[in-house]
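Peer 1: The structure follows.
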Amino acid sequence: MANDKLNITAISPSDLATLFSRSLRRPVTEQQVRDIAETGNLLSETDSINLIEYTAYVAGEVNFGNTR
């Protein structure tokens, strides 16, 4: 990640992958993050992701399955 400050409403797929890899202690690739974001239509025009929306989307998929 470029710096220590994290903007949870606009994080890059690369930085989000790094964050997940560090917290999960297993590799998470930028492409994995991007695939989920694209499926959920979560990528902004600036190619960033709102972490709150991303988390809510993943939680919904885990709990309710693919509803789209």
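Chains: A, B, ... in order of the structure tokens. Residues: from 1 per chain. Ligands: from 1, in order shown.
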Excluding same-chain residues fewer than 2 positions from Ser44 of chain A, what lies within 12 Å of it counting only C-alpha atoms, as a PyMOL selection string?
Peer 2: chain A and resi 9-13+34+37-38+40-42+46-51+53-54
Peer 1: Tell me, in Å to one decimal, how far atom CA of Thr18 of chain A is from atom CA of Val58 of chain A.
Peer 2: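 Taking atom CA of Thr18 of chain A as the start and atom CA of Val58 of chain A as the end point, the length is 17.3 Å.
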Peer 1: Which of chain A end up as alpha helix (DSSP H) when DSSP is run on this backbone - answer as an MDAnalysis selection string?
Peer 2: chainID A and resid 13:24 30:39 51:64
Peer 1: Can you spit out the residues from that selection as a short mmCIF file (atom, residue, chain, number, x, y, z; two decimals), in the first residue's frame, using N, CA and C atoms?
Peer 2:
data_model
loop_
_atom_site.label_atom_id
_atom_site.label_comp_id
_atom_site.auth_asym_id
_atom_site.auth_seq_id
_atom_site.Cartn_x
_atom_site.Cartn_y
_atom_site.Cartn_z
N PRO A 13 -8.13 -1.81 -5.97
CA PRO A 13 -8.14 -3.27 -5.89
C PRO A 13 -6.81 -3.84 -5.42
N SER A 14 -5.71 -3.24 -5.85
CA SER A 14 -4.39 -3.70 -5.44
C SER A 14 -4.18 -3.55 -3.93
N ASP A 15 -4.54 -2.37 -3.40
CA ASP A 15 -4.39 -2.14 -1.96
C ASP A 15 -5.33 -3.03 -1.15
N LEU A 16 -6.52 -3.26 -1.68
CA LEU A 16 -7.47 -4.13 -0.97
C LEU A 16 -6.96 -5.56 -0.95
N ALA A 17 -6.36 -6.01 -2.04
CA ALA A 17 -5.77 -7.35 -2.07
C ALA A 17 -4.64 -7.47 -1.05
N THR A 18 -3.82 -6.44 -0.96
CA THR A 18 -2.73 -6.43 0.02
C THR A 18 -3.30 -6.48 1.44
N LEU A 19 -4.31 -5.69 1.70
CA LEU A 19 -4.95 -5.67 3.02
C LEU A 19 -5.51 -7.04 3.39
N PHE A 20 -6.23 -7.65 2.45
CA PHE A 20 -6.79 -8.98 2.70
C PHE A 20 -5.69 -10.02 2.88
N SER A 21 -4.66 -9.97 2.07
CA SER A 21 -3.56 -10.93 2.19
C SER A 21 -2.89 -10.86 3.55
N ARG A 22 -2.67 -9.65 4.01
CA ARG A 22 -2.04 -9.48 5.32
C ARG A 22 -2.95 -9.93 6.46
N SER A 23 -4.23 -9.60 6.37
CA SER A 23 -5.13 -9.94 7.47
C SER A 23 -5.50 -11.43 7.47
N LEU A 24 -5.59 -12.04 6.29
CA LEU A 24 -5.95 -13.45 6.21
C LEU A 24 -4.74 -14.38 6.28
N GLU A 30 -4.97 -9.22 -6.67
CA GLU A 30 -5.75 -8.09 -7.17
C GLU A 30 -6.85 -8.58 -8.10
N GLN A 31 -6.57 -9.58 -8.91
CA GLN A 31 -7.56 -10.09 -9.84
C GLN A 31 -8.75 -10.71 -9.11
N GLN A 32 -8.51 -11.39 -8.00
CA GLN A 32 -9.61 -11.95 -7.21
C GLN A 32 -10.51 -10.83 -6.69
N VAL A 33 -9.89 -9.79 -6.15
CA VAL A 33 -10.65 -8.64 -5.64
C VAL A 33 -11.42 -7.99 -6.78
N ARG A 34 -10.74 -7.79 -7.90
CA ARG A 34 -11.36 -7.13 -9.06
C ARG A 34 -12.53 -7.96 -9.61
N ASP A 35 -12.38 -9.28 -9.67
CA ASP A 35 -13.46 -10.14 -10.16
C ASP A 35 -14.72 -9.99 -9.32
N ILE A 36 -14.56 -10.00 -8.01
CA ILE A 36 -15.72 -9.83 -7.12
C ILE A 36 -16.32 -8.44 -7.30
N ALA A 37 -15.46 -7.43 -7.36
CA ALA A 37 -15.94 -6.06 -7.52
C ALA A 37 -16.69 -5.87 -8.84
N GLU A 38 -16.19 -6.48 -9.90
CA GLU A 38 -16.86 -6.37 -11.20
C GLU A 38 -18.18 -7.13 -11.20
N THR A 39 -18.22 -8.29 -10.60
CA THR A 39 -19.45 -9.06 -10.51
C THR A 39 -20.53 -8.29 -9.74
N LEU A 51 -14.94 -0.06 0.55
CA LEU A 51 -14.77 -1.28 1.35
C LEU A 51 -16.05 -1.67 2.06
N ILE A 52 -16.85 -0.72 2.47
CA ILE A 52 -18.11 -1.03 3.16
C ILE A 52 -19.06 -1.74 2.19
N GLU A 53 -19.20 -1.20 0.98
CA GLU A 53 -20.07 -1.82 -0.03
C GLU A 53 -19.54 -3.19 -0.44
N TYR A 54 -18.23 -3.32 -0.57
CA TYR A 54 -17.61 -4.59 -0.94
C TYR A 54 -17.90 -5.65 0.12
N THR A 55 -17.71 -5.27 1.37
CA THR A 55 -17.95 -6.20 2.48
C THR A 55 -19.41 -6.61 2.54
N ALA A 56 -20.31 -5.66 2.36
CA ALA A 56 -21.74 -5.96 2.38
C ALA A 56 -22.10 -6.90 1.23
N TYR A 57 -21.53 -6.67 0.06
CA TYR A 57 -21.79 -7.53 -1.09
C TYR A 57 -21.32 -8.96 -0.82
N VAL A 58 -20.09 -9.11 -0.34
CA VAL A 58 -19.55 -10.44 -0.06
C VAL A 58 -20.37 -11.13 1.03
N ALA A 59 -20.74 -10.41 2.07
CA ALA A 59 -21.56 -10.99 3.13
C ALA A 59 -22.90 -11.47 2.58
N GLY A 60 -23.49 -10.69 1.72
CA GLY A 60 -24.75 -11.10 1.11
C GLY A 60 -24.61 -12.34 0.26
N GLU A 61 -23.52 -12.43 -0.49
CA GLU A 61 -23.28 -13.62 -1.31
C GLU A 61 -23.06 -14.85 -0.44
N VAL A 62 -22.35 -14.69 0.65
CA VAL A 62 -22.09 -15.82 1.55
C VAL A 62 -23.38 -16.28 2.21
N ASN A 63 -24.18 -15.33 2.65
CA ASN A 63 -25.40 -15.67 3.39
C ASN A 63 -26.58 -16.04 2.51
N PHE A 64 -26.69 -15.43 1.35
CA PHE A 64 -27.89 -15.59 0.54
C PHE A 64 -27.63 -16.16 -0.85
#
